[in-house]
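K.L.:
One structure is given below, represented as structure tokens, and several questions about it will come after.
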Amino acid sequence: MKLPPAEAVARMLTDLLGRPCSVKPTAKPGFADQGLIGVLVDRPGTMRGLTFSDKSFAALSGAALALIPRAVAEEAARKGAVPQSLLENHQEIVNISTALFNAVNADVDHLKLKEMMATAPTTPA
């Protein structure tokens with residue numbers, strides 16, 4: 001599966017959050033990294049890809065979507081306990097981002113976000 005270009009992701013985030021955002025590719029995360037995995041499935045429900053967000057991005061993006069002060073999100077990320085409200089907001093951002101995956105993967109039958117889960121040593125392979 002192809003990844004959307006960083007420029008498209010930055011444009012989506014900028015439009016969605018109402019503030020300039022930049023995006024750069026990063027190393028592939030491992031399941032030991034602390035964060036959230038989004039499971040992308042096609043219409044029949046077959047898993048086609050995963051997204052990964054570290055806790056800091058999840059907290060900050062979730063806060064930005066709801067206009068919650070940055071300091072609140074930074075404190076949550078520092079403690080490693082992101083409030084459910086920020087996680088739900090971040091999940092909506094990941095859900096919206098599936099449009100970017102659909103745009104660059106025309107050969108895949110319409111991707112959608114099935115679920116988000118926290119990474120853990122017991123995360124399924």
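Convention: chains lettered A, B, ... in structure tokens order; per-chain residue numbering from 1; ligands numbered from 1 as shown.
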Excluding segment 1-18 of chain A and residues on its chain fewer than 3 positions from it, collect all residues at most 6 Å away from it, counting only C-alpha atoms, and give them as a ChimeraX atom specification.
P.N.:
/A:21-23,65,100-101
K.L.:
Name the residues of segment 29-124 of chain A that fall into alpha helix (DSSP H) according to DSSP on the backbone, using the chain letters and numbers of this document, as a VMD selection string.
P.N.:
chain A and resid 55 to 65 70 to 79 84 to 104
K.L.:
Would you list the contacts of Val108 of chain A as a PyMOL selection string, taking every protein, DNA or RNA residue within 9 Å and counting only C-alpha atoms, but skipping same-chain residues closer than 2 positions in sequence?
P.N.:
chain A and resi 1+42+48+102+105-106+110-111
K.L.:
From the set A:Lys28, A:Ser53, A:Arg70, A:Ala81, which residue has the shortest atom-to-atom contact distance to Ile93 of chain A, counting only C-alpha atoms?
P.N.:
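Residue with the minimum atom-to-atom distance to Ile93 of chain A: A:Ser53.
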K.L.:
Excluding Val72 of chain A and residues on its chain fewer than 5 positions from it, collect all residues at most 10 Å away from it, counting only C-alpha atoms, and give them as a list of chain:residue names.
P.N.:
A:Ala59, A:Leu60, A:Ala63, A:Ala77, A:Arg78, A:Val82, A:Pro83
K.L.:
Pull the strand (DSSP E) assignments for chain A out of DSSP run on the backbone, and list those residues as a list in words.
P.N.:
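Taking chain A and keeping strand (DSSP E) gives Gly35, Leu36, Ile37, Gly38, Val39, Leu40, Val41, Met47, Arg48, Gly49, Leu50, Thr51, Phe52, Ser53, Asp54, Lys112, Leu113, Lys114, Glu115, Met116, Met117 and Ala118 of chain A.
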K.L.:
Just how far from atom CA of Glu92 of chain A is atom CA of Asp109 of chain A, in Å to one decimal?
P.N.:
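Distance reported for this atom pair: 20.8 Å.
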K.L.:
Rounded to one decimal in Å, what is the spacing between atom CA of Asn95 of chain A and atom CA of Thr46 of chain A?
P.N.:
16.6 Å
K.L.:
Do you have the atom CA of Gly38 of chain A-atom CA of Ala71 of chain A distance handy?
P.N.:
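Result for atom CA of Gly38 of chain A versus atom CA of Ala71 of chain A: 25.2 Å, one decimal.
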K.L.:
Could you pull the residues within 12 Å of segment 73-76 of chain A, counting only C-alpha atoms, minus those fewer than 4 positions along the same chain, as a list of chain:residue names?
P.N.:
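Listing them by chain and then by number gives A:Lys55, A:Ser56, A:Phe57, A:Ala58, A:Ala59, A:Leu60, A:Ser61, A:Gly62, A:Ala63, A:Ala64, A:Leu65, A:Ala66, A:Leu67, A:Ile68, A:Pro69, A:Gly80, A:Ala81, A:Val82, A:Pro83, A:Gln84, A:Ser85, A:Leu86, A:Leu87, A:Asn89, A:His90.
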K.L.:
Using only C-alpha atoms, which protein or nucleic acid residues come within 8 Å of Val41 of chain A? Drop anything in the same chain fewer than 6 positions from it, and give the result as a list of chain:residue names.
P.N.:
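In the requested format, the answer is A:Met47, A:Arg48, A:Gly49, A:Leu111, A:Lys112, A:Leu113, A:Lys114.
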